[in-house]
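Novice: query_37.cif is reproduced below (mmCIF, C-alpha atoms).
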data_target
loop_
_atom_site.label_atom_id
_atom_site.label_comp_id
_atom_site.auth_asym_id
_atom_site.auth_seq_id
_atom_site.Cartn_x
_atom_site.Cartn_y
_atom_site.Cartn_z
CA MET Q 100 -45.82 166.19 139.79
CA THR Q 101 -43.14 168.90 139.84
CA SER Q 102 -42.32 170.33 136.42
CA THR Q 103 -38.73 170.67 135.28
CA PHE Q 104 -36.84 173.20 133.18
CA ASP Q 105 -33.75 172.12 131.23
CA GLY Q 106 -33.61 169.01 133.40
CA ARG Q 107 -33.70 170.95 136.68
CA ASP Q 108 -36.38 170.85 139.37
CA VAL Q 109 -38.32 174.08 139.44
CA ARG Q 110 -37.84 174.23 143.20
CA ALA Q 111 -34.11 174.73 142.59
CA ASP Q 112 -34.87 178.07 141.00
CA THR Q 113 -34.45 180.80 143.63
CA SER Q 114 -37.16 182.95 142.09
CA VAL Q 115 -39.77 180.26 142.86
CA ARG Q 116 -39.37 180.85 146.58
CA SER Q 117 -40.04 184.60 146.42
CA PRO Q 118 -42.94 185.46 148.75
CA HIS Q 119 -43.46 188.76 146.92
CA ALA Q 120 -44.40 187.54 143.44
CA ARG Q 121 -47.97 188.85 143.55
CA ARG Q 122 -46.93 192.18 145.03
CA ALA Q 123 -44.25 192.55 142.34
CA ALA Q 124 -46.82 191.89 139.63
CA LEU Q 125 -49.21 194.39 141.25
CA ALA Q 126 -46.46 197.01 141.50
CA SER Q 127 -45.60 196.50 137.84
CA PHE Q 128 -49.27 196.72 136.86
CA VAL Q 129 -50.02 199.92 138.81
CA GLY Q 130 -46.82 201.68 137.77
CA SER Q 131 -47.32 200.74 134.14
CA THR Q 132 -50.93 201.92 134.33
CA LEU Q 133 -49.73 205.38 135.36
CA GLU Q 134 -46.95 205.50 132.79
CA TYR Q 135 -49.22 204.60 129.92
CA TYR Q 136 -52.18 206.62 131.13
CA ASP Q 137 -49.87 209.61 130.88
CA PHE Q 138 -48.44 208.53 127.54
CA PHE Q 139 -51.84 207.86 125.93
CA ILE Q 140 -53.34 211.05 127.34
CA TYR Q 141 -50.60 212.92 125.54
CA ALA Q 142 -51.10 210.97 122.31
CA SER Q 143 -54.86 211.54 122.40
CA PHE Q 144 -54.63 215.27 122.93
CA SER Q 145 -51.90 215.55 120.30
CA ALA Q 146 -54.51 214.20 117.90
CA LEU Q 147 -57.44 216.24 119.20
CA ALA Q 148 -56.19 219.60 120.47
CA PHE Q 149 -52.46 220.32 120.50
CA ASN Q 150 -52.33 221.47 116.87
CA THR Q 151 -54.78 224.25 117.84
CA LEU Q 152 -53.39 225.01 121.30
CA PHE Q 153 -49.64 224.93 120.64
CA PHE Q 154 -49.15 225.12 116.85
CA PRO Q 155 -51.96 227.38 115.58
CA ASP Q 156 -49.82 229.28 113.06
CA LEU Q 157 -48.94 226.13 111.10
CA GLY Q 158 -52.44 225.45 109.83
CA SER Q 159 -54.45 222.26 110.15
CA PHE Q 160 -52.24 219.93 108.04
CA TRP Q 161 -48.78 220.93 109.26
CA GLY Q 162 -50.06 221.62 112.75
CA THR Q 163 -51.27 218.02 112.95
CA ILE Q 164 -47.99 216.62 111.60
CA VAL Q 165 -45.89 218.67 114.04
CA SER Q 166 -48.23 217.82 116.91
CA MET Q 167 -47.86 214.12 116.05
CA ALA Q 168 -44.08 214.57 115.84
CA THR Q 169 -43.98 215.71 119.46
CA ILE Q 170 -45.20 212.20 120.36
CA GLY Q 171 -41.97 210.96 118.80
CA ILE Q 172 -39.85 213.29 120.94
CA GLY Q 173 -40.72 211.12 123.91
CA TYR Q 174 -39.22 208.16 122.07
CA VAL Q 175 -36.07 209.91 120.83
CA VAL Q 176 -34.79 210.51 124.37
CA ARG Q 177 -35.58 206.96 125.44
CA PRO Q 178 -32.36 205.21 124.30
CA LEU Q 179 -30.14 207.66 126.21
CA ALA Q 180 -32.38 207.50 129.28
CA ALA Q 181 -32.35 203.70 128.99
CA LEU Q 182 -28.56 203.72 129.34
CA VAL Q 183 -28.84 205.68 132.58
CA PHE Q 184 -31.76 203.81 134.14
CA GLY Q 185 -30.41 200.46 132.97
CA HIS Q 186 -26.99 201.09 134.50
CA PHE Q 187 -28.32 202.09 137.90
CA GLY Q 188 -31.10 199.51 137.79
CA ASP Q 189 -28.51 196.75 137.35
CA THR Q 190 -26.11 198.16 139.94
CA LEU Q 191 -28.25 199.86 142.60
CA GLY Q 192 -31.46 197.90 142.15
CA ARG Q 193 -34.69 197.77 140.15
CA LYS Q 194 -36.88 199.15 142.95
CA ARG Q 195 -35.04 202.48 143.34
CA MET Q 196 -35.18 203.25 139.64
CA LEU Q 197 -38.87 202.37 139.44
CA VAL Q 198 -39.64 204.86 142.20
CA VAL Q 199 -37.72 207.53 140.25
CA THR Q 200 -39.54 206.79 136.99
CA LEU Q 201 -42.92 206.98 138.70
CA VAL Q 202 -42.20 210.40 140.23
CA MET Q 203 -40.77 211.75 136.96
CA MET Q 204 -43.80 210.74 134.94
CA GLY Q 205 -46.32 212.04 137.47
CA VAL Q 206 -44.63 215.43 137.79
CA ALA Q 207 -44.07 215.92 134.04
CA THR Q 208 -47.65 215.00 133.15
CA SER Q 209 -49.12 217.26 135.81
CA LEU Q 210 -47.00 220.17 134.58
CA ILE Q 211 -48.28 219.68 131.02
CA GLY Q 212 -51.74 220.24 132.43
CA CYS Q 213 -50.54 223.58 133.82
CA LEU Q 214 -48.84 224.85 130.64
CA PRO Q 215 -49.87 228.18 129.12
CA THR Q 216 -50.78 227.80 125.44
CA TYR Q 217 -49.30 229.50 122.37
CA GLY Q 218 -51.88 232.24 122.60
CA ALA Q 219 -50.63 233.15 126.09
CA ILE Q 220 -46.82 232.97 125.85
CA GLY Q 221 -46.06 232.39 122.19
CA VAL Q 222 -43.29 230.06 121.05
CA ALA Q 223 -42.26 229.28 124.64
CA ALA Q 224 -45.41 227.14 124.96
CA PRO Q 225 -44.50 224.46 122.38
CA ILE Q 226 -40.89 224.50 123.63
CA LEU Q 227 -42.01 223.73 127.18
CA LEU Q 228 -44.42 221.10 125.86
CA VAL Q 229 -41.59 219.33 124.02
CA LEU Q 230 -39.32 219.46 127.09
CA LEU Q 231 -41.97 217.92 129.33
CA ARG Q 232 -42.69 215.30 126.67
CA ALA Q 233 -38.97 214.46 126.75
CA VAL Q 234 -39.18 213.94 130.53
CA GLN Q 235 -42.15 211.63 129.97
CA GLY Q 236 -40.10 209.68 127.44
CA ALA Q 237 -37.11 209.39 129.77
CA SER Q 238 -39.35 208.07 132.52
CA ALA Q 239 -40.99 205.50 130.26
CA ALA Q 240 -37.56 204.29 129.13
CA GLY Q 241 -36.80 203.08 132.62
CA GLU Q 242 -40.29 201.94 133.55
CA SER Q 243 -41.16 198.98 131.35
CA ALA Q 244 -37.74 197.30 131.49
CA GLY Q 245 -37.46 197.67 135.26
CA ALA Q 246 -41.03 196.58 135.92
CA ALA Q 247 -40.72 193.53 133.68
CA SER Q 248 -37.38 192.56 135.25
CA LEU Q 249 -38.76 192.88 138.77
CA ALA Q 250 -41.97 190.95 138.05
CA LEU Q 251 -40.20 188.18 136.13
CA GLU Q 252 -37.46 187.72 138.73
CA HIS Q 253 -39.94 187.41 141.59
CA ALA Q 254 -42.19 184.99 139.68
CA PRO Q 255 -42.16 181.18 139.77
CA ALA Q 256 -40.19 179.86 136.81
CA ASP Q 257 -43.27 178.36 135.15
CA ARG Q 258 -45.25 181.62 135.42
CA ARG Q 259 -42.73 184.18 134.20
CA ALA Q 260 -44.65 185.15 131.06
CA LEU Q 261 -47.84 185.68 133.07
CA ALA Q 262 -46.00 187.77 135.65
CA ALA Q 263 -44.25 189.88 133.02
CA SER Q 264 -47.48 190.28 131.05
CA TRP Q 265 -48.89 192.43 133.87
CA VAL Q 266 -46.51 195.19 132.79
CA ASN Q 267 -48.25 195.60 129.44
CA THR Q 268 -51.62 194.73 130.93
CA GLY Q 269 -51.00 197.84 133.01
CA ALA Q 270 -50.38 199.61 129.71
CA ALA Q 271 -53.80 198.45 128.51
CA ALA Q 272 -55.33 199.65 131.78
CA GLY Q 273 -53.60 202.99 131.29
CA MET Q 274 -54.98 203.21 127.76
CA LEU Q 275 -58.47 202.32 129.03
CA LEU Q 276 -58.31 204.89 131.81
CA ALA Q 277 -56.94 207.54 129.46
CA SER Q 278 -59.58 206.78 126.84
CA LEU Q 279 -62.43 207.02 129.34
CA VAL Q 280 -61.12 210.35 130.58
CA VAL Q 281 -60.68 211.62 127.02
CA LEU Q 282 -64.19 210.42 126.16
CA VAL Q 283 -65.64 212.43 129.05
CA PHE Q 284 -63.74 215.65 128.49
CA SER Q 285 -63.73 215.62 124.70
CA GLY Q 286 -67.53 215.64 124.91
CA LEU Q 287 -67.44 219.16 126.35
CA PRO Q 288 -68.36 222.10 124.16
CA GLU Q 289 -65.41 223.03 121.95
CA ASP Q 290 -64.64 226.29 123.78
CA ALA Q 291 -64.67 224.62 127.19
CA PHE Q 292 -62.61 221.68 125.92
CA LEU Q 293 -59.88 223.93 124.47
CA SER Q 294 -59.81 226.36 127.39
CA TRP Q 295 -59.75 224.08 130.44
CA GLY Q 296 -61.19 220.64 129.64
CA TRP Q 297 -57.98 219.26 128.14
CA ARG Q 298 -55.98 220.13 131.28
CA ILE Q 299 -57.83 218.03 133.86
CA PRO Q 300 -56.81 214.59 132.48
CA PHE Q 301 -53.15 215.57 132.86
CA LEU Q 302 -53.64 216.77 136.42
CA LEU Q 303 -55.41 213.55 137.43
CA SER Q 304 -52.21 211.55 136.97
CA MET Q 305 -51.00 212.73 140.39
CA PHE Q 306 -53.45 210.41 142.16
CA VAL Q 307 -52.34 207.26 140.30
CA ALA Q 308 -48.70 208.22 140.92
CA LEU Q 309 -49.26 208.37 144.68
CA ALA Q 310 -50.88 204.92 144.73
CA GLY Q 311 -48.06 203.38 142.72
CA LEU Q 312 -45.43 205.03 144.89
CA VAL Q 313 -46.84 203.50 148.07
CA ILE Q 314 -46.88 199.99 146.57
CA ARG Q 315 -43.39 200.19 145.11
CA ARG Q 316 -41.72 201.50 148.23
CA MET Q 317 -42.87 198.39 150.15
CA LEU Q 318 -41.49 195.92 147.58
CA PRO Q 319 -38.02 194.35 148.11
CA GLU Q 320 -35.55 193.41 145.41
CA SER Q 321 -35.84 189.88 144.05
CA GLU Q 322 -33.65 187.12 145.48
CA VAL Q 323 -32.26 186.25 142.07
CA PHE Q 324 -31.08 189.85 141.61
CA GLU Q 325 -29.58 190.04 145.10
CA GLU Q 326 -27.69 186.82 144.39
CA ALA Q 327 -26.40 188.11 141.05
CA VAL Q 328 -24.99 191.35 142.49
CA SER Q 329 -23.51 189.71 145.58
CA THR Q 330 -20.94 187.63 143.68
CA ASP Q 331 -17.24 188.44 143.74
CA GLU Q 332 -16.97 188.53 139.94
CA PRO Q 333 -15.40 191.71 138.47
CA LYS Q 334 -18.12 194.29 137.85
CA GLU Q 335 -18.25 195.81 134.35
CA MET Q 336 -20.57 198.51 133.06
CA PRO Q 337 -23.76 196.71 131.95
CA ALA Q 338 -23.93 198.67 128.68
CA LYS Q 339 -20.37 197.61 127.81
CA VAL Q 340 -21.22 193.95 128.40
CA ILE Q 341 -24.40 194.21 126.35
CA PHE Q 342 -22.84 195.75 123.24
CA ARG Q 343 -19.77 193.49 123.46
CA ASP Q 344 -21.39 190.14 124.24
CA HIS Q 345 -25.13 190.46 123.63
CA TRP Q 346 -25.46 192.60 120.51
CA PRO Q 347 -27.33 189.82 118.62
CA SER Q 348 -30.01 189.93 121.33
CA VAL Q 349 -30.16 193.72 121.05
CA LEU Q 350 -30.77 193.44 117.29
CA ARG Q 351 -33.41 190.78 117.85
CA VAL Q 352 -35.31 192.94 120.34
CA VAL Q 353 -35.14 195.90 117.95
CA GLY Q 354 -36.60 193.78 115.16
CA CYS Q 355 -39.25 192.16 117.35
CA GLY Q 356 -40.22 195.52 118.82
CA LEU Q 357 -41.42 196.92 115.50
CA PHE Q 358 -44.83 195.40 116.23
CA ALA Q 359 -45.46 198.31 118.63
CA VAL Q 360 -46.14 200.72 115.76
CA VAL Q 361 -49.63 199.21 115.80
CA SER Q 362 -50.27 200.91 119.12
CA THR Q 363 -49.47 204.50 118.10
CA ILE Q 364 -51.00 204.06 114.64
CA PHE Q 365 -54.22 202.92 116.30
CA SER Q 366 -54.35 205.26 119.29
CA ALA Q 367 -52.95 208.46 117.73
CA PHE Q 368 -52.95 208.48 113.92
CA ALA Q 369 -56.23 206.61 113.39
CA LEU Q 370 -57.92 208.84 115.97
CA SER Q 371 -56.78 211.98 114.17
CA TRP Q 372 -57.40 210.71 110.63
CA GLY Q 373 -60.70 209.07 111.50
CA THR Q 374 -62.17 212.19 113.12
CA HIS Q 375 -60.67 214.91 110.90
CA GLU Q 376 -60.54 213.25 107.48
CA ALA Q 377 -62.86 210.22 107.40
CA GLY Q 378 -65.65 212.02 109.24
CA VAL Q 379 -66.14 209.47 112.03
CA SER Q 380 -67.36 210.92 115.30
CA ARG Q 381 -64.81 211.41 118.07
CA THR Q 382 -66.98 209.30 120.38
CA VAL Q 383 -66.84 206.26 118.08
CA MET Q 384 -63.06 206.43 117.60
CA VAL Q 385 -62.33 206.87 121.30
CA GLY Q 386 -64.99 204.25 122.09
CA ALA Q 387 -63.08 201.73 119.96
CA THR Q 388 -60.00 202.36 122.09
CA VAL Q 389 -62.02 201.96 125.29
CA LEU Q 390 -63.52 198.67 124.14
CA THR Q 391 -60.24 197.13 122.97
CA ALA Q 392 -58.33 198.24 126.07
CA ALA Q 393 -61.01 196.72 128.33
CA LEU Q 394 -60.87 193.40 126.48
CA ALA Q 395 -57.07 193.45 126.58
CA LEU Q 396 -57.23 193.33 130.39
CA VAL Q 397 -58.47 189.76 129.97
CA ALA Q 398 -56.73 188.79 126.73
CA GLN Q 399 -53.20 189.70 127.80
CA PRO Q 400 -53.00 187.66 131.02
CA ALA Q 401 -54.57 184.78 129.08
CA ALA Q 402 -51.84 185.10 126.46
CA GLY Q 403 -49.25 185.10 129.24
CA ILE Q 404 -50.67 181.86 130.69
CA LEU Q 405 -50.63 180.26 127.24
CA ALA Q 406 -47.04 181.39 126.62
CA ASP Q 407 -45.99 179.67 129.84
CA ARG Q 408 -47.51 176.43 128.56
CA ILE Q 409 -46.55 176.29 124.86
CA GLY Q 410 -43.79 178.90 124.54
CA ARG Q 411 -43.29 182.59 123.83
CA LYS Q 412 -42.59 182.39 120.10
CA PRO Q 413 -45.85 180.82 118.81
CA ILE Q 414 -47.96 183.43 120.62
CA PHE Q 415 -45.77 186.37 119.59
CA ILE Q 416 -45.65 185.36 115.92
CA THR Q 417 -49.38 184.64 115.71
CA GLY Q 418 -50.27 188.04 117.13
CA ASN Q 419 -48.03 189.78 114.62
CA LEU Q 420 -49.57 187.95 111.68
CA VAL Q 421 -53.08 188.81 112.84
CA CYS Q 422 -52.15 192.50 113.11
CA ALA Q 423 -50.50 192.51 109.68
CA VAL Q 424 -53.64 191.20 108.02
CA ALA Q 425 -56.31 192.91 110.13
CA ILE Q 426 -54.98 196.49 110.05
CA SER Q 427 -56.28 196.96 106.50
CA GLY Q 428 -59.73 195.85 107.58
CA PHE Q 429 -59.71 198.39 110.38
CA PHE Q 430 -58.79 201.32 108.15
CA TRP Q 431 -61.32 200.21 105.55
CA ALA Q 432 -64.01 200.12 108.24
CA VAL Q 433 -63.07 203.66 109.34
CA SER Q 434 -63.24 204.86 105.73
CA GLN Q 435 -66.77 203.39 105.52
CA ARG Q 436 -67.79 205.25 108.71
CA SER Q 437 -69.55 202.12 110.00
CA THR Q 438 -69.61 202.06 113.79
CA ALA Q 439 -70.18 198.30 113.99
CA LEU Q 440 -67.38 197.50 111.53
CA ILE Q 441 -65.01 199.89 113.26
CA LEU Q 442 -65.59 198.26 116.65
CA ILE Q 443 -65.33 194.70 115.31
CA SER Q 444 -62.19 195.33 113.26
CA ALA Q 445 -60.59 197.25 116.12
CA CYS Q 446 -61.10 194.21 118.37
CA VAL Q 447 -59.50 191.92 115.79
CA VAL Q 448 -56.41 194.14 115.51
CA MET Q 449 -55.95 195.14 119.13
CA VAL Q 450 -57.34 192.13 121.04
CA ALA Q 451 -56.94 189.08 118.81
CA GLY Q 452 -53.64 190.38 117.44
CA TYR Q 453 -51.84 193.09 119.38
CA SER Q 454 -52.75 191.76 122.83
CA LEU Q 455 -50.96 188.49 122.11
CA VAL Q 456 -47.73 190.19 121.11
CA ASN Q 457 -47.92 192.87 123.77
CA ALA Q 458 -48.45 190.34 126.56
CA VAL Q 459 -45.55 188.08 125.62
CA GLY Q 460 -43.06 190.79 124.63
CA PRO Q 461 -41.76 191.57 128.15
CA ALA Q 462 -40.90 187.93 128.89
CA LEU Q 463 -39.51 187.32 125.41
CA TYR Q 464 -37.14 190.29 125.70
CA ALA Q 465 -36.20 189.88 129.37
CA GLU Q 466 -35.29 186.23 128.94
CA MET Q 467 -32.67 187.06 126.31
CA PHE Q 468 -30.49 188.67 129.01
CA GLU Q 469 -28.96 187.31 132.21
CA THR Q 470 -29.91 188.81 135.57
CA ARG Q 471 -26.90 191.07 136.11
CA ILE Q 472 -27.54 193.01 132.86
CA ARG Q 473 -31.26 192.36 132.32
CA TYR Q 474 -32.50 195.86 133.14
CA SER Q 475 -29.93 197.47 130.84
CA GLY Q 476 -30.43 194.91 128.08
CA MET Q 477 -34.18 195.30 128.03
CA ALA Q 478 -34.11 199.07 128.41
CA ILE Q 479 -31.51 199.81 125.73
CA SER Q 480 -32.72 197.36 123.10
CA GLY Q 481 -36.39 197.97 123.83
CA GLN Q 482 -36.08 201.73 123.52
CA LEU Q 483 -34.09 201.53 120.29
CA ALA Q 484 -36.96 199.48 118.89
CA LEU Q 485 -39.54 202.04 120.02
CA VAL Q 486 -38.03 204.99 118.13
CA ALA Q 487 -39.95 203.81 115.06
CA THR Q 488 -43.07 203.49 117.22
CA GLY Q 489 -42.86 207.09 118.36
CA PHE Q 490 -42.64 208.46 114.85
CA ALA Q 491 -45.12 206.04 113.31
CA PRO Q 492 -48.00 208.58 113.51
CA THR Q 493 -45.83 211.19 111.79
CA ILE Q 494 -44.82 208.70 109.08
CA ALA Q 495 -48.45 207.72 108.67
CA ALA Q 496 -49.55 211.36 108.40
CA ALA Q 497 -47.01 211.82 105.60
CA LEU Q 498 -48.01 208.57 103.82
CA VAL Q 499 -51.77 209.00 103.89
CA ARG Q 500 -53.37 210.20 100.65
CA PRO Q 501 -56.62 212.05 99.95
CA GLY Q 502 -59.68 210.04 99.11
CA PRO Q 503 -61.44 206.97 100.51
CA ASN Q 504 -58.48 204.64 99.82
CA GLY Q 505 -55.79 207.03 101.05
CA TRP Q 506 -55.24 204.81 104.10
CA ILE Q 507 -53.68 201.95 102.08
CA PRO Q 508 -50.03 203.15 102.30
CA VAL Q 509 -50.43 203.45 106.09
CA ALA Q 510 -51.82 199.93 106.36
CA VAL Q 511 -48.98 198.55 104.21
CA PHE Q 512 -46.37 200.32 106.37
CA THR Q 513 -47.92 198.92 109.56
CA ALA Q 514 -48.22 195.41 108.13
CA CYS Q 515 -44.56 195.43 107.02
CA CYS Q 516 -43.44 196.33 110.55
CA CYS Q 517 -45.44 193.41 111.97
CA LEU Q 518 -44.03 190.99 109.40
CA VAL Q 519 -40.46 192.04 110.21
CA SER Q 520 -41.25 191.50 113.89
CA ALA Q 521 -42.61 188.01 113.20
CA LEU Q 522 -39.64 187.02 111.04
CA THR Q 523 -37.16 188.27 113.64
CA THR Q 524 -38.88 186.18 116.31
CA LEU Q 525 -38.03 183.03 114.36
CA THR Q 526 -34.36 183.65 115.22
CA VAL Q 527 -35.01 183.96 118.97
CA ARG Q 528 -34.22 181.05 121.30
CA GLU Q 529 -37.28 179.61 123.05
CA THR Q 530 -36.83 179.98 126.83
CA TYR Q 531 -40.08 178.97 128.50
CA ARG Q 532 -38.45 175.78 129.82
CA THR Q 533 -35.25 177.50 130.97
CA SER Q 534 -34.58 178.16 134.66
CA THR Q 535 -34.63 181.85 135.67
CA THR Q 536 -31.03 181.68 136.89
CA ASP Q 537 -29.90 180.27 133.50
CA LEU Q 538 -31.60 182.85 131.29
CA GLY Q 539 -29.31 184.70 128.92
CA LYS Q 540 -26.39 182.33 129.45
#
Please express what this file holds, its structure, as structure tokens.

Specialist:
Amino acid sequence: MTSTFDGRDVRADTSVRSPHARRAALASFVGSTLEYYDFFIYASFSALAFNTLFFPDLGSFWGTIVSMATIGIGYVVRPLAALVFGHFGDTLGRKRMLVVTLVMMGVATSLIGCLPTYGAIGVAAPILLVLLRAVQGASAAGESAGAASLALEHAPADRRALAASWVNTGAAAGMLLASLVVLVFSGLPEDAFLSWGWRIPFLLSMFVALAGLVIRRMLPESEVFEEAVSTDEPKEMPAKVIFRDHWPSVLRVVGCGLFAVVSTIFSAFALSWGTHEAGVSRTVMVGATVLTAALALVAQPAAGILADRIGRKPIFITGNLVCAVAISGFFWAVSQRSTALILISACVVMVAGYSLVNAVGPALYAEMFETRIRYSGMAISGQLALVATGFAPTIAAALVRPGPNGWIPVAVFTACCCLVSALTTLTVRETYRTSTTDLGK
């Protein structure tokens, strides 16, 4: 029996007939893997080495805070870059912009691996580091929105959440790959790690970039996008249309997107605090990231399948509530220095909670905007939401207090962000039964 959406036969939806749905999902997955491998490599080494390599004169405390703040630089440039990538992605095509973002990220990350440190060239070293981090941020601003748009528009109407979930499943794969690499090289003797060991993970990104580039160049635009841009309707700047007609959706995405602070709190702040202050071994903390990222490769597609059957909102809200409650258990486990408790609580936060939200987010956001402005709508609103995510480790480093219970303010901050995300989702229209061509209308 053929399923229907808003009273229409699914076969009437042009996106159902796309013969490239699987290739689009693969292209989104591989590209996102590279983007987030590069992003998490940076976050990990900001926690483990950059305070020593690039900010040695600031001391351990301020060096760590400033090093964490450079993570946020990548998020500050994202809204402006989103305007640019969104505009051209909606006018020239998703595919072209996704090739550009892939090249930008690969080149910037490789150059970070070649940077001289503060001891070699002085203050020029952290300046160059920040500039390259800004290029990473600009690339990421165009990546996730374009990849989600492309995957969703190629997908059958009743599998859009699954297709879009591969974008953030690629993010989990990138985190897993980055964590494994960090685990290997952070196990080197300290002198070797700080002299050359930290560079190799950045240089390795070139190989993933080449693979993603080959796949993306072979992928055509979706039929639903080609149809949207071929009409004779007057063409307006996508950003103008978004802020004039779709500002409620922008605000909703910003509110929903606060859940993402969980990611940088877990992968950057907790890694730094757990190893430097709580006394947990670097291997255990990175191992928790490896385990949760590996499990997310299964949990996120499963969440996407479920969201296509019962709706986006129930899955998104449930994941937020789990994160809000479980984050305290994770920090308590780290404070107790119990390997078993750390691994179990990390899985509750990042697999049972964060994976649900992370998987459904791309479809939830993309379906708020119609095809002709989807790239811009997702990019602009999504990147505005992620500014808080970028600075979450810095905020956490300022909130944390000495002593075994010093983590409580950080847990409260993280839980509040998740609760705001869940409450905002209640105002979002459910779209899992809406035809692709009718989304955002």

Novice: If the PyMOL selection byres ((chain Q and resi 240) around 7) is run on the structure shown, which residues does it catch, given as a PDB file with C-alpha atoms, keeping the file's coordinate frame?

Specialist:
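So expr-v2.pdb came out as:
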ATOM      1  CA  ARG Q 177     -35.580 206.960 125.440  1.00  0.00           C
ATOM      2  CA  ALA Q 180     -32.380 207.500 129.280  1.00  0.00           C
ATOM      3  CA  ALA Q 181     -32.350 203.700 128.990  1.00  0.00           C
ATOM      4  CA  GLY Q 236     -40.100 209.680 127.440  1.00  0.00           C
ATOM      5  CA  ALA Q 237     -37.110 209.390 129.770  1.00  0.00           C
ATOM      6  CA  SER Q 238     -39.350 208.070 132.520  1.00  0.00           C
ATOM      7  CA  ALA Q 239     -40.990 205.500 130.260  1.00  0.00           C
ATOM      8  CA  GLY Q 241     -36.800 203.080 132.620  1.00  0.00           C
ATOM      9  CA  GLU Q 242     -40.290 201.940 133.550  1.00  0.00           C
ATOM     10  CA  SER Q 243     -41.160 198.980 131.350  1.00  0.00           C
ATOM     11  CA  ALA Q 478     -34.110 199.070 128.410  1.00  0.00           C
ATOM     12  CA  GLN Q 482     -36.080 201.730 123.520  1.00  0.00           C
TER      13      GLN Q 482
END

Novice: Hey, can you check how far atom CA of Q:Arg258 sits from atom CA of Q:Val313?

Specialist: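 Going from atom CA of Q:Arg258 over to atom CA of Q:Val313, I get 25.3 Å.
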
Novice: Assuming the chain letters and numbering stay as they are in my file, what does the PyMOL selection byres ((chain Q and resi 419-427) around 10) actually select? List them as a count of residues only.

Specialist: 50

Novice: May I ask which of the residues Q:Thr151, Q:Gln435, Q:Thr208, Q:Ser248 is the closest one to Q:Ser294, counting all atoms listed in the file?

Specialist: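 Ranking Q:Thr151, Q:Gln435, Q:Thr208, Q:Ser248 by distance to Q:Ser294, first place goes to Q:Thr151.
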
Novice: To one decimal in Å, tell me the separation between atom CA of Q:Ala277 and atom CA of Q:Leu309.

Specialist: 17.1 Å

Novice: Could you list, as a list in words, every residue matched by the PyMOL selection byres ((chain Q and resi 404-412) around 8) in this structure?

Specialist: Asp257, Arg258, Arg259, Ala260, Leu261, Pro400, Ala401, Ala402, Gly403, Pro413, Ile414, Phe415, Ile416, Val459, Ala462, Leu463, Thr524, Leu525, Val527, Glu529, Thr530 and Tyr531 of chain Q

Novice: Which residue, Q:Ile220, Q:Ala120, Q:Ile211, Q:Met336, has the smallest gap to Q:Thr190 when you use all atoms listed in the file?

Specialist: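 The answer is Q:Met336, which sits nearest to Q:Thr190.
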
Novice: Closest to Q:Gly205 among Q:Pro347, Q:Gly311, Q:Gly221, Q:Gly188, using only C-alpha atoms?

Specialist: Q:Gly311

Novice: Write out as number ranges by chain the residues lying within 9 Å of Q:Arg316, counting all atoms listed in the file and excluding same-chain residues fewer than 2 positions away.

Specialist: Q: 194-195, 198, 311-314, 318-319

Novice: So that I can see what lies close to stretch 490-503 of chain Q, please list as a PyMOL selection string the residues with an atom at most 7 Å from it, counting all atoms listed in the file and leaving out residues fewer than 2 positions away in the same chain.

Specialist: chain Q and resi 164+167-168+171+360+363-364+367-368+434+486-488+505-506+508-509

Novice: Closest to Q:Ala223 among Q:Phe153, Q:Ala126, Q:His253, Q:Phe292, using only C-alpha atoms?

Specialist: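 Counting only C-alpha atoms, the residue closest to Q:Ala223 is Q:Phe153.
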
Novice: Looking at all atoms listed in the file, which of Q:Ala484, Q:Val307, Q:Ala254, Q:Ile140 is the one that sits closest to Q:Gln235?

Specialist: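 Distance minimum relative to Q:Gln235 lands on Q:Ile140.
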
Novice: Calculate how many Å separate atom CA of Q:Ala148 from atom CA of Q:Ser278, rounding to one decimal.

Specialist: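 Atom CA of Q:Ser278 lies 14.7 Å from atom CA of Q:Ala148.
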
Novice: Set the distance at 8 Å and use all atoms listed in the file: which residues neighbour Q:Ser131 once local chain neighbours fewer than 5 positions away are removed? I'd like the list as a list in words.

Specialist: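 Near neighbours after the sequence-gap exclusion: Glu242, Ser243, Ala246, Val266, Asn267, Gly269, Ala270 and Gly273 of chain Q.
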